[in-house]
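Q: target.txt is the file, holding compact mmCIF, C-alpha atoms:
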```
# COMPACT_ATOMS: atom_id res chain seq x y z
CA MET A 764 32.81 -2.31 -17.70
CA ALA A 765 32.52 -6.05 -18.30
CA GLU A 766 29.25 -7.32 -19.72
CA PHE A 767 27.46 -9.64 -17.34
CA GLU A 768 25.47 -12.66 -18.42
CA CYS A 769 23.58 -14.92 -16.07
CA ARG A 770 22.61 -18.45 -17.06
CA LEU A 771 20.90 -19.21 -13.81
CA LYS A 772 17.49 -19.78 -15.38
CA LYS A 773 18.88 -22.61 -17.53
CA TYR A 774 20.57 -24.37 -14.61
CA ARG A 775 17.59 -23.82 -12.32
CA GLN A 776 15.24 -25.40 -14.84
CA MET A 777 17.65 -28.28 -15.31
CA LYS A 778 17.38 -28.96 -11.58
CA ASP A 779 13.59 -28.62 -11.80
CA LEU A 780 13.49 -25.83 -9.24
CA THR A 781 11.06 -22.93 -9.16
CA GLN A 782 12.33 -19.44 -8.39
CA GLU A 783 10.60 -19.66 -5.03
CA GLN A 784 12.28 -22.96 -4.15
CA LEU A 785 15.71 -21.73 -5.18
CA ALA A 786 15.19 -18.49 -3.25
CA GLU A 787 14.32 -20.46 -0.14
CA LYS A 788 17.34 -22.74 -0.59
CA VAL A 789 19.82 -19.89 -0.82
CA GLY A 790 18.05 -17.59 1.69
CA VAL A 791 16.96 -14.69 -0.49
CA ARG A 792 13.66 -13.32 -1.80
CA ARG A 793 12.16 -14.56 -5.08
CA GLU A 794 12.54 -11.06 -6.49
CA THR A 795 16.30 -11.33 -6.06
CA ILE A 796 16.39 -14.56 -8.09
CA MET A 797 14.31 -12.79 -10.77
CA ARG A 798 16.76 -9.88 -10.92
CA LEU A 799 19.68 -12.30 -11.07
CA GLU A 800 18.17 -14.22 -13.97
CA LYS A 801 17.69 -10.96 -15.85
CA ALA A 802 21.33 -10.07 -15.10
CA GLN A 803 20.16 -6.91 -13.36
CA TYR A 804 21.82 -7.69 -10.07
CA ASN A 805 25.38 -8.67 -9.18
CA PRO A 806 25.31 -11.19 -6.33
CA SER A 807 27.78 -11.28 -3.48
CA LEU A 808 30.40 -14.02 -3.55
CA LYS A 809 28.54 -15.88 -0.81
CA LEU A 810 25.25 -15.82 -2.72
CA ALA A 811 27.00 -16.86 -5.94
CA ILE A 812 28.57 -19.86 -4.15
CA ASP A 813 25.25 -20.77 -2.49
CA ILE A 814 23.49 -20.66 -5.87
CA SER A 815 26.18 -22.69 -7.56
CA ARG A 816 25.84 -25.34 -4.83
CA ALA A 817 22.04 -25.28 -5.04
CA VAL A 818 21.94 -25.84 -8.81
CA GLU A 819 25.10 -27.99 -8.76
CA ALA A 820 26.92 -26.06 -11.45
CA PRO A 821 30.22 -24.14 -11.39
CA ILE A 822 30.01 -20.42 -10.66
CA GLU A 823 31.82 -19.45 -13.87
CA GLU A 824 29.20 -21.35 -15.86
CA ILE A 825 26.30 -19.56 -14.19
CA PHE A 826 27.69 -16.03 -14.02
CA VAL A 827 29.64 -15.04 -17.11
CA PHE A 828 31.59 -11.78 -17.40
CA LYS A 829 32.53 -11.14 -21.02
CA MET B 1238 3.96 -5.42 23.91
CA LYS B 1239 1.41 -7.61 25.68
CA THR B 1240 -2.17 -6.32 25.82
CA ASN B 1241 -2.26 -6.48 29.64
CA LYS B 1242 0.91 -4.41 29.92
CA LYS B 1243 -0.49 -1.90 27.40
CA LYS B 1244 -3.69 -1.58 29.43
CA ILE B 1245 -1.68 -0.94 32.60
CA TRP B 1246 0.34 1.83 30.90
CA ILE B 1247 -2.78 3.45 29.43
CA GLY B 1248 -4.53 3.16 32.82
CA CYS B 1249 -1.60 4.83 34.60
CA GLY B 1250 -1.62 7.62 31.99
CA ILE B 1251 -5.34 8.24 32.53
CA LEU B 1252 -4.79 8.23 36.32
CA CYS B 1253 -1.99 10.78 35.99
CA VAL B 1254 -4.11 13.10 33.84
CA LEU B 1255 -7.05 12.76 36.25
CA SER B 1256 -4.83 13.45 39.27
CA VAL B 1257 -3.43 16.61 37.64
CA LEU B 1258 -6.95 17.78 36.74
CA LEU B 1259 -8.22 17.09 40.27
CA SER B 1260 -5.27 18.77 41.98
CA SER B 1261 -5.61 21.77 39.63
CA TRP B 1262 -9.29 22.04 40.56
CA TYR B 1263 -8.35 21.78 44.26
CA ALA B 1264 -5.66 24.45 43.88
CA VAL B 1265 -8.05 26.81 42.06
CA ALA B 1266 -10.94 26.19 44.49
CA TYR B 1267 -9.12 26.05 47.84
CA ASN B 1268 -5.53 27.25 47.38
CA ASP B 1269 -5.73 30.62 45.58
CA SER B 1270 -4.64 28.97 42.29
CA ARG B 1271 -1.12 28.45 43.68
CA LEU B 1272 1.09 26.43 41.30
CA VAL B 1273 -1.60 26.76 38.61
CA VAL B 1274 -1.07 30.36 37.59
CA SER B 1275 2.53 31.45 36.98
CA MET B 1276 4.25 32.53 40.21
CA ASP B 1277 7.65 33.73 41.39
CA PHE B 1278 9.48 30.72 42.82
CA LYS B 1279 12.17 32.88 44.43
CA ASP B 1280 9.79 33.69 47.31
CA TYR B 1281 8.08 30.30 47.34
CA VAL B 1282 7.21 28.90 50.78
CA PHE B 1283 5.82 25.40 51.06
CA ASP B 1284 2.21 25.09 52.13
CA ILE B 1285 0.53 21.77 52.97
CA LYS B 1286 -2.23 22.68 50.48
CA ASP B 1287 0.38 22.59 47.68
CA LEU B 1288 0.93 18.89 48.31
CA PRO B 1289 -1.76 17.46 45.92
CA MET B 1290 -0.40 19.53 43.04
CA ILE B 1291 3.24 18.65 43.78
CA VAL B 1292 2.44 14.93 44.12
CA SER B 1293 0.29 14.72 40.99
CA VAL B 1294 2.79 16.64 38.84
CA SER B 1295 5.68 14.53 40.20
CA PHE B 1296 3.83 11.32 39.41
CA THR B 1297 2.97 12.56 35.91
CA CYS B 1298 6.60 13.53 35.25
CA ALA B 1299 7.79 10.14 36.55
CA TYR B 1300 5.20 8.42 34.34
CA LEU B 1301 6.31 10.36 31.25
CA VAL B 1302 10.00 9.59 31.88
CA ALA B 1303 9.19 5.89 32.45
CA LEU B 1304 7.04 5.86 29.29
CA PHE B 1305 9.85 7.33 27.17
CA VAL B 1306 12.41 4.91 28.63
CA MET B 1307 10.06 1.99 28.03
CA LEU B 1308 9.37 3.06 24.42
CA PHE B 1309 13.11 3.52 23.83
CA ILE B 1310 13.88 0.03 25.19
CA HIS B 1311 10.99 -1.47 23.21
CA ALA B 1312 12.20 0.16 19.96
CA GLY B 1313 15.75 -1.13 20.62
CA LYS B 1314 14.39 -4.63 21.26
CA LYS B 1315 12.45 -4.55 17.99
CA GLN B 1316 15.54 -3.37 16.12
CA ARG B 1317 17.61 -6.22 17.61
CA GLN B 1318 14.85 -8.69 16.70
CA ALA B 1319 14.90 -7.40 13.11
CA VAL B 1320 18.66 -7.96 12.92
CA GLU B 1321 18.40 -11.45 14.43
CA THR B 1322 15.44 -12.64 12.35
CA GLY B 1323 16.42 -10.77 9.17
CA VAL B 1324 12.89 -9.40 8.86
CA THR B 1325 11.92 -5.73 8.90
CA ARG B 1326 10.16 -4.54 12.06
CA LYS B 1327 6.40 -4.62 12.11
CA ILE B 1328 4.73 -1.24 12.41
CA ASN B 1329 1.33 0.00 11.38
CA PRO B 1330 1.35 2.23 8.24
CA LYS B 1331 -1.24 4.39 10.04
CA LEU B 1332 1.64 5.63 12.24
CA GLY B 1333 2.51 7.76 9.21
CA CYS B 1334 -0.30 10.04 10.39
CA LEU B 1335 2.13 11.20 13.11
CA GLY B 1336 3.69 13.31 10.36
CA VAL B 1337 0.79 15.70 10.91
CA LEU B 1338 2.60 16.70 14.13
CA GLY B 1339 4.94 18.60 11.80
CA PHE B 1340 2.26 21.27 11.49
CA LEU B 1341 2.98 22.08 15.17
CA GLY B 1342 6.01 23.89 13.75
CA PHE B 1343 3.70 26.66 12.59
CA ALA B 1344 3.03 27.34 16.29
CA GLY B 1345 6.40 29.07 16.29
CA PHE B 1346 4.97 31.87 14.15
CA TRP B 1347 2.59 32.53 17.06
CA THR B 1348 4.92 31.93 20.04
CA TYR B 1349 7.82 34.00 18.67
CA PRO B 1350 5.97 37.35 18.40
CA VAL B 1351 4.11 36.72 21.72
CA ASP B 1352 6.85 35.31 24.01
CA GLY B 1353 9.97 35.24 21.84
CA ILE B 1354 9.97 31.42 22.05
CA VAL B 1355 11.46 29.79 18.97
CA PHE B 1356 11.68 26.07 19.85
CA PRO B 1357 8.25 25.18 18.33
CA PHE B 1358 9.83 25.76 14.90
CA ALA B 1359 11.81 22.56 15.52
CA PHE B 1360 8.54 20.61 15.38
CA PHE B 1361 8.76 20.82 11.57
CA LEU B 1362 11.08 17.84 12.04
CA PHE B 1363 8.03 15.68 12.73
CA PHE B 1364 7.05 15.89 9.05
CA GLY B 1365 9.63 13.09 8.72
CA PHE B 1366 7.20 10.76 10.51
CA PHE B 1367 5.21 10.50 7.27
CA GLY B 1368 7.96 7.98 6.43
CA PHE B 1369 6.34 5.52 8.88
CA TYR B 1370 3.65 4.99 6.24
CA TYR B 1371 6.21 3.49 3.83
CA GLU B 1372 8.04 1.64 6.60
CA GLY B 1373 4.72 0.13 7.68
CA LYS B 1374 4.03 -0.97 4.12
CA MET B 1375 7.32 -2.88 4.13
CA SER B 1376 6.69 -4.44 7.56
CA GLY B 1377 7.79 -8.05 7.88
CA THR B 1378 9.80 -8.04 4.63
CA PHE B 1379 12.65 -10.54 4.58
CA MET B 1380 15.92 -8.57 4.36
CA ASP B 1381 18.10 -10.40 1.89
CA GLU B 1382 21.32 -8.93 0.53
CA ARG B 1383 19.59 -6.99 -2.28
CA PHE B 1384 17.14 -5.44 0.19
CA ARG B 1385 20.05 -4.45 2.46
CA GLU B 1386 21.79 -2.90 -0.53
CA ASN B 1387 18.61 -0.96 -1.28
CA ILE B 1388 18.52 0.25 2.35
CA ALA B 1389 22.08 1.54 2.04
CA ARG B 1390 21.30 3.13 -1.37
CA ALA B 1391 18.18 4.86 -0.06
CA LYS B 1392 19.94 6.15 3.07
CA LEU B 1393 22.91 7.43 1.10
CA LYS B 1394 20.68 9.33 -1.33
CA ALA B 1395 18.54 10.71 1.50
CA TYR B 1396 21.62 11.93 3.41
CA ARG B 1397 23.08 13.47 0.25
CA ILE B 1398 19.89 15.43 -0.42
CA THR B 1399 19.58 16.45 3.24
CA PHE B 1400 23.15 17.69 3.52
CA GLY B 1401 22.86 19.40 0.13
CA VAL B 1402 19.77 21.29 1.24
CA MET B 1403 21.38 22.22 4.58
CA LEU B 1404 24.59 23.40 2.97
CA ALA B 1405 22.82 25.48 0.33
CA ALA B 1406 20.49 27.01 2.95
CA LEU B 1407 23.32 27.83 5.35
CA ILE B 1408 25.43 29.41 2.58
CA ILE B 1409 22.47 31.59 1.56
CA LEU B 1410 21.60 32.51 5.17
CA CYS B 1411 25.21 33.31 6.04
CA GLN B 1412 25.30 35.96 3.30
CA GLY B 1413 23.70 38.42 5.68
CA LYS B 1414 20.78 39.30 7.87
CA LEU B 1415 17.32 38.25 6.72
CA PHE B 1416 15.11 41.37 6.42
CA GLY B 1417 17.92 43.17 8.29
CA ASN B 1418 17.30 41.13 11.44
CA LEU B 1419 19.73 38.54 12.82
CA GLU B 1420 16.97 36.82 14.82
CA TYR B 1421 14.97 36.18 11.64
CA THR B 1422 18.08 34.65 10.10
CA LEU B 1423 18.47 32.28 13.06
CA ILE B 1424 14.77 31.38 12.98
CA ALA B 1425 15.07 30.65 9.25
CA ALA B 1426 18.07 28.43 10.06
CA ILE B 1427 16.05 26.49 12.68
CA ILE B 1428 13.17 26.04 10.24
CA ILE B 1429 15.39 24.92 7.38
CA LEU B 1430 17.45 22.53 9.53
CA SER B 1431 14.28 20.98 11.01
CA LEU B 1432 12.66 20.60 7.59
CA ALA B 1433 15.86 19.17 6.10
CA LEU B 1434 16.20 16.61 8.91
CA GLY B 1435 12.52 15.71 8.53
CA LEU B 1436 13.11 15.30 4.79
CA GLY B 1437 16.05 12.99 5.54
CA ILE B 1438 13.94 10.80 7.85
CA PHE B 1439 11.11 10.64 5.31
CA LEU B 1440 13.24 10.15 2.20
CA SER B 1441 15.22 7.17 3.52
CA GLU B 1442 11.96 5.22 3.98
CA TYR B 1443 10.27 6.55 0.84
CA LEU B 1444 13.25 5.83 -1.43
CA LEU B 1445 13.65 2.32 0.00
CA TYR B 1446 9.99 1.67 -0.74
CA ARG B 1447 10.40 3.07 -4.26
CA TYR B 1448 13.51 0.99 -5.00
CA ASP B 1449 11.87 -2.17 -3.74
CA HIS B 1450 8.47 -1.42 -5.24
CA ASP B 1451 9.81 -0.36 -8.65
CA ASP B 1452 11.75 -3.62 -8.87
CA GLN B 1453 8.59 -5.57 -8.16
CA ALA B 1454 6.56 -3.49 -10.64
CA GLU B 1455 9.11 -4.22 -13.38
CA GLU B 1456 8.98 -7.90 -12.54
CA GLY B 1457 5.19 -7.86 -12.54
CA GLU B 1458 5.07 -6.36 -16.03
CA GLU B 1459 6.69 -9.45 -17.53
```
Is it possible to express this structure as structure tokens?
A:
Amino acid sequence: MAEFECRLKKYRQMKDLTQEQLAEKVGVRRETIMRLEKAQYNPSLKLAIDISRAVEAPIEEIFVFK
Amino acid sequence: MKTNKKKIWIGCGILCVLSVLLSSWYAVAYNDSRLVVSMDFKDYVFDIKDLPMIVSVSFTCAYLVALFVMLFIHAGKKQRQAVETGVTRKINPKLGCLGVLGFLGFAGFWTYPVDGIVFPFAFFLFFGFFGFYYEGKMSGTFMDERFRENIARAKLKAYRITFGVMLAALIILCQGKLFGNLEYTLIAAIIILSLALGLGIFLSEYLLYRYDHDDQAEEGEE
């Protein structure tokens, strides 16, 4: 199975967003953002697109499958 | 439900109980306990003195049917609201105490030898209501995609365990008569099916709480 790396934390901090703010922007709970940042949760395509729009970074840069 | 509406329903319930008690007293005092003690309805002939009992029992039955319909509609409305708002329904964790009703199942051990009635064994199903405690604790939680995944995960595991228990129990019971008595085998089947269904109801809520809570506990540790 492909190894999954999430660089969301980096891009979120670059946009000066807290987990709470990002969660509210993309319509999920803060816990979900936490799990995503720890690469413990695979988001749906919709959530991945919403996050990429919220932090203004390409999906493939945020979620990396090695 | 609005407080006024609740008061009206409770008031009607009290009135129904009072009317049954009064009509029972009337029947015992002035009508030779007709319709109070068990009687043979094949030879029943209507008497005007039976009217209070018939009216009060009819009203009570109508009230109970209306109450169940109303509760069913109310539960459906809450479920629809939860889907529309994306938030879990609000219930009081104290409702978990209803699980105690499961102990009514033991009444079957008394009714079966006395009257041969076995349906009270099905009350073991109510043990599943202990799950309301965990559902209440997750009241008003926003259901994002991870929470919905956890719901599906919890339900799948609960159903797997439930069907596993039922299958194993039925295979064992179908091997032959329990204590050489087919009736005991069927009673054991009722008990096991009721307990397994109760377990399924409870586990789906408990596992969801565990999945969600364990995630939060891990996050809190950091």
Q: At what distance in Å, to one decimal, does CA of Thr1297 (chain B) lie from CA of Cys1249 (chain B)?
A: 9.1 Å
Q: Edge lengths and centre in Å to one decimal, as JSON, is what I'm after for the box along x, y and z that holds all listed atoms of region 1375-1384 of chain B once 6 Å is added on each side.
A:
```
{"center_x": 14.0, "center_y": -6.7, "center_z": 2.8, "size_x": 26.6, "size_y": 19.7, "size_z": 22.2}
```
Q: Counting only C-alpha atoms, figure out which residue out of A:Met797, A:Cys769, A:Leu785, A:Ile822 gets nearest to chain B.
A: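 Checking each candidate against chain B, we get A:Met797 as the closest.
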Q: With all atoms listed in the file considered, list every residue of chain A at most 12 Å from chain B, as a count of residues only.
A: 24
Q: Could you name the residues that touch Val827 (chain A) at 6 Å or less, counting only C-alpha atoms, but leaving out those on the same chain fewer than 2 positions away, as a list in words?
A: Phe767, Glu768 and Glu823 of chain A
Q: What gap, in Å, lies between CA of Lys773 (chain A) and CA of Arg816 (chain A)?
A: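 Going from CA of Lys773 (chain A) over to CA of Arg816 (chain A) covers 14.7 Å.
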Q: For Leu1258 (chain B), which of B:Ala1395, B:Ile1285, B:Val1294, B:Ala1344 is the closest residue, counting all atoms listed in the file?
A: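 Checking each of B:Ala1395, B:Ile1285, B:Val1294, B:Ala1344 against Leu1258 (chain B), counting all atoms listed in the file, the winner is B:Val1294.
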Q: Would you kindly return, as a PyMOL selection string, each protein, DNA or RNA residue with an atom no farther than 12 Å from any atom of Lys1374 (chain B), considering only C-alpha atoms and excluding same-chain residues fewer than 2 positions away?
A: chain B and resi 1325-1333+1367-1372+1376-1378+1442-1443+1445-1447+1449-1450
Q: Using CA of Gly1323 (chain B) and CA of Leu1393 (chain B) as the two end points, give the distance in Å to one decimal.
A: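 CA of Leu1393 (chain B) lies 20.9 Å from CA of Gly1323 (chain B).
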Q: List the spatial neighbours of Phe1364 (chain B) as a PyMOL selection string - criterion: any atom at most 9 Å away, only C-alpha atoms, same-chain residues fewer than 5 positions off excluded.
A: chain B and resi 1335-1340+1432+1435-1436+1438-1439
Q: With distances taken over all atoms listed in the file, which residue among B:Gly1401, B:Tyr1396, B:Tyr1300, B:Glu1386 lies nearest Ile1251 (chain B)?
A: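 For Ile1251 (chain B), the nearest of the candidates is B:Tyr1300.
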Q: Leaving out Ala1312 (chain B) and any residue of its chain fewer than 5 positions from it, which residues lie within 12 Å of it when counting only C-alpha atoms, given as a VMD selection string?
A: chain B and resid 1238 1305 to 1307 1317 to 1319 1326 to 1328
Q: I'd like the contact shell of Asp1287 (chain B) - 8 Å cut-off, all atoms listed in the file, skipping same-chain residues fewer than 6 positions apart - returned as a VMD selection string.
A: chain B and resid 1264 1268 1271 to 1272
Q: How about saving the chosen residues, C-alpha atoms kept, as a JSON list (two decimals), keeping the file's coordinate frame?
A:
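Here's the written file out_7.json:
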```json
[["chain", "number", "residue", "atom", "x", "y", "z"],
["B", 1264, "ALA", "CA", -5.66, 24.45, 43.88],
["B", 1268, "ASN", "CA", -5.53, 27.25, 47.38],
["B", 1271, "ARG", "CA", -1.12, 28.45, 43.68],
["B", 1272, "LEU", "CA", 1.09, 26.43, 41.30]]
```
Q: Starting from the incomplete input, reconstruct N, CA and C atoms of region 1269-1293 of chain B and write that as a JSON list (two decimals), in the frame of the given file.
A:
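To be explicit, this is the file written out as part-v5.json:
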```json
[["chain", "number", "residue", "atom", "x", "y", "z"],
["B", 1269, "ASP", "N", -6.01, 29.36, 46.29],
["B", 1269, "ASP", "CA", -5.73, 30.62, 45.58],
["B", 1269, "ASP", "C", -4.99, 30.41, 44.25],
["B", 1270, "SER", "N", -5.27, 29.30, 43.59],
["B", 1270, "SER", "CA", -4.64, 28.97, 42.29],
["B", 1270, "SER", "C", -3.12, 28.88, 42.35],
["B", 1271, "ARG", "N", -2.59, 28.58, 43.56],
["B", 1271, "ARG", "CA", -1.12, 28.45, 43.68],
["B", 1271, "ARG", "C", -0.65, 27.27, 42.84],
["B", 1272, "LEU", "N", 0.46, 27.42, 42.17],
["B", 1272, "LEU", "CA", 1.09, 26.43, 41.30],
["B", 1272, "LEU", "C", 0.28, 26.17, 40.02],
["B", 1273, "VAL", "N", -0.83, 26.88, 39.86],
["B", 1273, "VAL", "CA", -1.60, 26.76, 38.61],
["B", 1273, "VAL", "C", -1.30, 27.97, 37.75],
["B", 1274, "VAL", "N", -1.46, 29.15, 38.33],
["B", 1274, "VAL", "CA", -1.07, 30.36, 37.59],
["B", 1274, "VAL", "C", 0.44, 30.56, 37.80],
["B", 1275, "SER", "N", 1.07, 31.27, 36.87],
["B", 1275, "SER", "CA", 2.53, 31.45, 36.98],
["B", 1275, "SER", "C", 2.85, 32.27, 38.24],
["B", 1276, "MET", "N", 3.88, 31.84, 38.98],
["B", 1276, "MET", "CA", 4.25, 32.53, 40.21],
["B", 1276, "MET", "C", 5.77, 32.63, 40.33],
["B", 1277, "ASP", "N", 6.22, 33.52, 41.21],
["B", 1277, "ASP", "CA", 7.65, 33.73, 41.39],
["B", 1277, "ASP", "C", 8.17, 32.72, 42.41],
["B", 1278, "PHE", "N", 9.00, 31.78, 41.94],
["B", 1278, "PHE", "CA", 9.48, 30.72, 42.82],
["B", 1278, "PHE", "C", 10.62, 31.17, 43.74],
["B", 1279, "LYS", "N", 11.10, 32.38, 43.56],
["B", 1279, "LYS", "CA", 12.17, 32.88, 44.43],
["B", 1279, "LYS", "C", 11.64, 33.03, 45.87],
["B", 1280, "ASP", "N", 10.38, 33.47, 45.98],
["B", 1280, "ASP", "CA", 9.79, 33.69, 47.31],
["B", 1280, "ASP", "C", 8.87, 32.55, 47.72],
["B", 1281, "TYR", "N", 9.00, 31.40, 47.07],
["B", 1281, "TYR", "CA", 8.08, 30.30, 47.34],
["B", 1281, "TYR", "C", 8.28, 29.72, 48.75],
["B", 1282, "VAL", "N", 7.18, 29.55, 49.46],
["B", 1282, "VAL", "CA", 7.21, 28.90, 50.78],
["B", 1282, "VAL", "C", 6.21, 27.75, 50.73],
["B", 1283, "PHE", "N", 6.67, 26.58, 51.16],
["B", 1283, "PHE", "CA", 5.82, 25.40, 51.06],
["B", 1283, "PHE", "C", 4.59, 25.52, 51.95],
["B", 1284, "ASP", "N", 3.46, 25.10, 51.39],
["B", 1284, "ASP", "CA", 2.21, 25.09, 52.13],
["B", 1284, "ASP", "C", 1.64, 23.68, 51.97],
["B", 1285, "ILE", "N", 1.05, 23.15, 53.02],
["B", 1285, "ILE", "CA", 0.53, 21.77, 52.97],
["B", 1285, "ILE", "C", -0.52, 21.62, 51.85],
["B", 1286, "LYS", "N", -1.21, 22.75, 51.53],
["B", 1286, "LYS", "CA", -2.23, 22.68, 50.48],
["B", 1286, "LYS", "C", -1.62, 22.52, 49.08],
["B", 1287, "ASP", "N", -0.30, 22.75, 48.98],
["B", 1287, "ASP", "CA", 0.38, 22.59, 47.68],
["B", 1287, "ASP", "C", 0.64, 21.11, 47.38],
["B", 1288, "LEU", "N", 0.52, 20.29, 48.44],
["B", 1288, "LEU", "CA", 0.93, 18.89, 48.31],
["B", 1288, "LEU", "C", 0.22, 18.13, 47.17],
["B", 1289, "PRO", "N", -1.12, 18.23, 47.02],
["B", 1289, "PRO", "CA", -1.76, 17.46, 45.92],
["B", 1289, "PRO", "C", -1.17, 17.81, 44.55],
["B", 1290, "MET", "N", -0.93, 19.10, 44.34],
["B", 1290, "MET", "CA", -0.40, 19.53, 43.04],
["B", 1290, "MET", "C", 1.02, 18.99, 42.83],
["B", 1291, "ILE", "N", 1.84, 19.11, 43.89],
["B", 1291, "ILE", "CA", 3.24, 18.65, 43.78],
["B", 1291, "ILE", "C", 3.27, 17.14, 43.52],
["B", 1292, "VAL", "N", 2.45, 16.40, 44.26],
["B", 1292, "VAL", "CA", 2.44, 14.93, 44.12],
["B", 1292, "VAL", "C", 1.96, 14.52, 42.73],
["B", 1293, "SER", "N", 0.84, 15.13, 42.29],
["B", 1293, "SER", "CA", 0.29, 14.72, 40.99],
["B", 1293, "SER", "C", 1.24, 15.07, 39.84]]
```
